[in-house]
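The data block below is protein_3.txt; it holds compact mmCIF, C-alpha atoms.
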# COMPACT_ATOMS: atom_id res chain seq x y z
CA MET A 40 41.41 29.09 -10.68
CA PRO A 41 38.86 31.39 -12.43
CA ALA A 42 37.14 33.95 -10.18
CA ASP A 43 33.66 32.56 -10.99
CA THR A 44 34.72 29.08 -9.91
CA THR A 45 36.22 30.38 -6.66
CA LYS A 46 33.13 32.44 -5.86
CA ARG A 47 30.85 29.49 -6.61
CA ARG A 48 32.92 27.24 -4.33
CA ILE A 49 32.80 29.83 -1.53
CA LYS A 50 29.02 30.21 -1.84
CA THR A 51 28.53 26.45 -1.88
CA LYS A 52 30.67 26.07 1.24
CA VAL A 53 28.78 28.81 3.11
CA LEU A 54 25.48 27.06 2.34
CA GLU A 55 26.98 23.76 3.43
CA PHE A 56 28.05 25.30 6.74
CA LEU A 57 24.60 26.88 7.22
CA LYS A 58 23.12 23.42 7.42
CA THR A 59 24.93 22.86 10.71
CA LYS A 60 25.78 26.30 12.13
CA SER A 61 24.45 29.83 12.19
CA ILE A 62 25.82 32.55 9.91
CA ASP A 63 27.19 34.29 13.01
CA SER A 64 29.38 31.30 13.82
CA ILE A 65 30.79 30.80 10.30
CA LYS A 66 34.19 32.44 9.96
CA ALA A 67 36.16 33.22 6.82
CA THR A 68 38.91 30.95 8.15
CA ASP A 69 36.41 28.04 8.30
CA ILE A 70 35.72 28.54 4.62
CA THR A 71 39.32 29.06 3.54
CA ARG A 72 40.51 25.97 5.43
CA ALA A 73 37.72 23.81 4.05
CA LEU A 74 38.40 24.98 0.48
CA GLY A 75 42.19 25.12 0.72
CA ILE A 76 42.32 28.76 -0.34
CA SER A 77 44.04 31.73 1.26
CA ARG A 78 42.24 34.39 3.27
CA GLY A 79 43.43 36.86 0.64
CA THR A 80 41.59 34.89 -2.03
CA PHE A 81 38.42 34.96 0.07
CA TYR A 82 38.67 38.70 0.73
CA ARG A 83 39.44 39.42 -2.92
CA HIS A 84 35.90 38.26 -3.66
CA TYR A 85 33.95 39.09 -0.49
CA ASP A 86 34.11 41.51 2.43
CA SER A 87 32.73 38.99 4.90
CA VAL A 88 30.77 35.78 5.25
CA TYR A 89 27.65 37.97 5.42
CA SER A 90 28.43 39.43 1.99
CA VAL A 91 28.62 35.89 0.58
CA LEU A 92 25.17 35.15 1.96
CA GLN A 93 23.85 38.48 0.67
CA GLU A 94 25.09 37.69 -2.85
CA ILE A 95 23.45 34.26 -2.73
CA GLU A 96 20.14 35.76 -1.64
CA ASP A 97 20.28 38.70 -4.08
CA SER A 98 20.94 36.32 -6.96
CA PHE A 99 17.95 34.18 -5.97
CA PHE A 100 15.62 37.19 -5.69
CA GLU A 101 16.79 38.81 -8.89
CA GLU A 102 15.81 35.76 -10.88
CA TYR A 103 12.74 34.82 -8.85
CA SER A 104 11.15 38.28 -8.81
CA THR A 105 11.32 38.41 -12.60
CA LEU A 106 9.70 35.00 -12.81
CA ALA A 107 7.08 35.72 -10.14
CA SER A 108 6.03 38.98 -11.79
CA ASP A 109 4.75 36.92 -14.74
CA PHE A 110 1.82 35.96 -12.50
CA LEU A 111 0.55 39.55 -12.77
CA ASN A 112 0.08 39.13 -16.53
CA TYR A 113 -2.71 36.60 -16.01
CA ARG A 114 -6.30 37.42 -15.14
CA LEU A 115 -7.93 35.58 -12.30
CA SER A 116 -9.97 32.76 -13.76
CA ARG A 117 -12.12 29.95 -12.48
CA GLN A 118 -10.26 27.56 -14.80
CA TYR A 119 -7.19 27.68 -12.52
CA LEU A 120 -9.21 26.08 -9.75
CA ASN A 121 -9.13 22.91 -11.87
CA ILE A 122 -5.98 23.17 -13.97
CA PRO A 123 -2.54 24.33 -12.82
CA HIS A 124 -1.87 28.02 -13.33
CA PRO A 125 1.01 28.39 -15.88
CA ALA A 126 2.86 31.09 -13.92
CA LEU A 127 2.55 29.15 -10.66
CA MET A 128 3.92 26.07 -12.40
CA LYS A 129 6.98 28.05 -13.53
CA ASP A 130 7.40 29.43 -10.01
CA LEU A 131 7.23 25.97 -8.49
CA GLU A 132 9.72 24.59 -11.01
CA TYR A 133 12.13 27.38 -10.08
CA LEU A 134 11.61 26.74 -6.37
CA GLN A 135 12.17 23.01 -6.86
CA LYS A 136 15.39 23.76 -8.72
CA HIS A 137 16.52 25.83 -5.72
CA ALA A 138 15.03 23.57 -3.04
CA ASP A 139 18.35 22.94 -1.29
CA LEU A 140 19.00 26.68 -0.99
CA LEU A 141 15.48 27.37 0.29
CA LEU A 142 15.45 24.51 2.76
CA THR A 143 18.82 25.68 4.10
CA LEU A 144 17.77 29.34 4.42
CA PHE A 145 14.46 28.35 6.02
CA GLY A 146 16.14 25.74 8.22
CA PRO A 147 17.15 26.06 11.87
CA ASN A 148 20.27 28.07 10.96
CA GLY A 149 18.59 29.97 8.15
CA ASP A 150 18.41 33.69 7.57
CA ILE A 151 15.36 35.40 9.04
CA ARG A 152 15.95 38.38 6.71
CA PHE A 153 15.72 36.06 3.70
CA GLN A 154 12.48 34.61 5.04
CA ALA A 155 11.02 38.09 5.56
CA ARG A 156 12.10 39.09 2.06
CA CYS A 157 10.34 36.01 0.63
CA SER A 158 7.20 36.90 2.53
CA GLN A 159 7.35 40.51 1.37
CA LEU A 160 7.80 39.55 -2.29
CA THR A 161 4.97 37.02 -2.16
CA GLY A 162 2.75 39.51 -0.35
CA GLU A 163 3.42 42.28 -2.85
CA TYR A 164 2.40 40.10 -5.78
CA MET A 165 -0.68 38.84 -3.97
CA LEU A 166 -1.78 42.37 -3.02
CA THR A 167 -1.18 43.67 -6.54
CA LYS A 168 -3.22 40.81 -7.98
CA ARG A 169 -6.01 41.38 -5.49
CA GLU A 170 -6.02 45.12 -6.27
CA GLN A 171 -6.22 44.38 -10.00
CA HIS A 172 -9.48 42.58 -9.31
CA ASN A 173 -10.91 45.01 -6.76
CA LEU A 174 -10.37 42.61 -3.88
CA ALA A 175 -8.33 45.03 -1.79
CA ASP A 176 -10.02 46.41 1.28
CA SER A 177 -9.17 47.54 4.81
CA LYS A 178 -8.19 43.98 5.69
CA SER A 179 -5.89 43.52 2.70
CA LYS A 180 -2.67 43.87 4.66
CA LEU A 181 -3.81 41.23 7.15
CA VAL A 182 -4.97 38.90 4.38
CA ARG A 183 -1.73 39.46 2.45
CA THR A 184 0.35 38.64 5.54
CA TYR A 185 -1.70 35.55 6.31
CA LEU A 186 -1.59 34.25 2.74
CA SER A 187 2.03 35.10 1.95
CA ARG A 188 3.49 33.60 5.11
CA GLY A 189 1.19 30.61 5.02
CA LEU A 190 1.96 29.89 1.37
CA MET A 191 5.66 30.40 1.96
CA TYR A 192 5.81 27.82 4.75
CA MET A 193 3.46 25.45 2.89
CA THR A 194 5.88 25.61 -0.04
CA ILE A 195 8.84 24.83 2.22
CA GLU A 196 6.98 21.78 3.57
CA TRP A 197 6.16 20.71 0.02
CA LEU A 198 9.80 21.13 -1.05
CA LYS A 199 10.90 18.80 1.76
CA GLY A 200 9.28 16.05 -0.30
CA ASP A 201 7.46 14.41 2.60
CA SER A 202 4.12 14.46 0.82
CA ASP A 203 2.94 12.86 -2.38
CA ILE A 204 1.35 16.07 -3.68
CA SER A 205 2.36 16.68 -7.27
CA LYS A 206 3.53 20.06 -8.51
CA GLU A 207 0.28 20.37 -10.47
CA GLU A 208 -1.89 19.65 -7.43
CA PHE A 209 0.15 22.03 -5.31
CA ALA A 210 -0.24 24.82 -7.90
CA LYS A 211 -4.02 24.31 -7.86
CA THR A 212 -4.03 24.30 -4.06
CA ILE A 213 -2.11 27.59 -3.93
CA TYR A 214 -4.51 29.19 -6.38
CA LYS A 215 -7.59 27.94 -4.55
CA MET A 216 -6.31 29.14 -1.20
CA SER A 217 -5.26 32.51 -2.58
CA PHE A 218 -8.17 33.38 -4.82
CA GLY A 219 -10.79 30.60 -4.75
CA MET A 220 -12.77 32.24 -1.98
CA HIS A 221 -13.45 35.25 -4.22
CA GLU A 222 -16.07 33.79 -6.51
CA ARG A 223 -17.08 37.21 -7.81
CA ALA A 224 -13.57 37.87 -9.10
CA LEU A 225 -13.21 34.61 -10.99
The structure in this file should be written as structure tokens.
Amino acid sequence: MPADTTKRRIKTKVLEFLKTKSIDSIKATDITRALGISRGTFYRHYDSVYSVLQEIEDSFFEEYSTLASDFLNYRLSRQYLNIPHPALMKDLEYLQKHADLLLTLFGPNGDIRFQARCSQLTGEYMLTKREQHNLADSKSKLVRTYLSRGLMYMTIEWLKGDSDISKEEFAKTIYKMSFGMHERAL
């Protein structure tokens, strides 16, 4: 079996296990038994179950941070209070595509480090955008934390699919909550 296929199967199985048990309770033998592969095959690709999770998360962030940085290329504009912001739409499409991963990693057995990393990335982009428009002040860190964590968990709730809010409406809501209160900057 090709190495890429084996690694993909291992990553998929780890995520499957994370839906029902914590990363600390997932053992390499659980994965090898479930996949019908040897422990040697597992360890040829990964040092531990934690390294599998780290690769999954790193891959997500590598792609997402490139996509999210596109937001910085746009100026704040009043028009995005009424029409979906193009960069936010791309972000939401990416997040929808990876909804199962995100819901698992934000779920009851999820990875708190992943959640913190999401918050940090979101916060960095929000702070940079606010600084570009002279909105940074002594309260910026508090505002960034409030907005980034709030938006992160709002997005998780939206990805669960329990609401009838469209991607377009959600993009406008994010923009309004993040920048709509700064009339002078728009």
Practice problem: Can you work out which one of A:Leu111, A:Ser61, A:Arg72, A:Val53 has the shortest atom-to-atom distance to His124 (chain A), counting all atoms listed in the file? | Solution: A:Leu111
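Separating CA of Ser187 (chain A) from CA of Tyr89 (chain A) is a distance of 26.0 Å.
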Exercise. To one decimal in Å, tell me the separation between CA of Ile204 (chain A) and CA of Ile95 (chain A).
Key: 28.6 Å
Practice problem: Identify which of the residues A:Ser77, A:Thr44, A:Asn112, A:Ser158 lies closest to Leu127 (chain A), counting all atoms listed in the file when measuring atom-to-atom distances. | Solution: A:Asn112
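Nearest to Val182 (chain A) of all the residues A:Asp63, A:Glu163, A:Glu102, A:Glu207 is A:Glu163, based on all atoms listed in the file.
Minimum atom-to-atom distances from A:His84, A:Lys211, A:Lys178, A:Arg47 to Pro125 (chain A) were compared using only C-alpha atoms, and the lowest value belongs to A:Lys211.
You will find CA of Gln154 (chain A) at 17.8 Å from CA of Lys180 (chain A).
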Please list as a PDB file with C-alpha atoms, keeping the file's coordinate frame every residue within 8 Å of Arg78 (chain A), counting only C-alpha atoms and excluding residues in the same chain fewer than 3 positions away.
ATOM      1  CA  ALA A  67      36.160  33.220   6.820  1.00  0.00           C
ATOM      2  CA  THR A  68      38.910  30.950   8.150  1.00  0.00           C
ATOM      3  CA  THR A  71      39.320  29.060   3.540  1.00  0.00           C
ATOM      4  CA  PHE A  81      38.420  34.960   0.070  1.00  0.00           C
ATOM      5  CA  TYR A  82      38.670  38.700   0.730  1.00  0.00           C
TER       6      TYR A  82
END
Exercise. Identify, on the basis of all atoms listed in the file, every residue whose closest approach to Lys60 (chain A) does not exceed 10 Å; exclude the query and any residue fewer than 4 positions from it along the same chain; express the result as a PyMOL selection string.
Key: chain A and resi 53-56+64-65+147-149
Self-check item: Selection: 8 Å around Tyr103 (chain A), all atoms listed in the file, excl. self and same-chain fewer than 4 positions, as a ChimeraX atom specification
Solution: /A:99,107,130,133
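Nearest residue to Lys58 (chain A) among A:Leu141, A:Leu74, A:Ile122, A:Leu131 is A:Leu141, counting only C-alpha atoms.
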Residues within 10 Å of Leu144 (chain A), please, as a PDB file with C-alpha atoms, keeping the file's coordinate frame. Count only C-alpha atoms; anything in the same chain fewer than 6 positions from it doesn't count.
ATOM      1  CA  LEU A  54      25.480  27.060   2.340  1.00  0.00           C
ATOM      2  CA  LEU A  57      24.600  26.880   7.220  1.00  0.00           C
ATOM      3  CA  LYS A  58      23.120  23.420   7.420  1.00  0.00           C
ATOM      4  CA  LEU A  92      25.170  35.150   1.960  1.00  0.00           C
ATOM      5  CA  GLU A  96      20.140  35.760  -1.640  1.00  0.00           C
ATOM      6  CA  ALA A 138      15.030  23.570  -3.040  1.00  0.00           C
ATOM      7  CA  ASP A 150      18.410  33.690   7.570  1.00  0.00           C
ATOM      8  CA  ILE A 151      15.360  35.400   9.040  1.00  0.00           C
ATOM      9  CA  ARG A 152      15.950  38.380   6.710  1.00  0.00           C
ATOM     10  CA  PHE A 153      15.720  36.060   3.700  1.00  0.00           C
ATOM     11  CA  GLN A 154      12.480  34.610   5.040  1.00  0.00           C
TER      12      GLN A 154
END
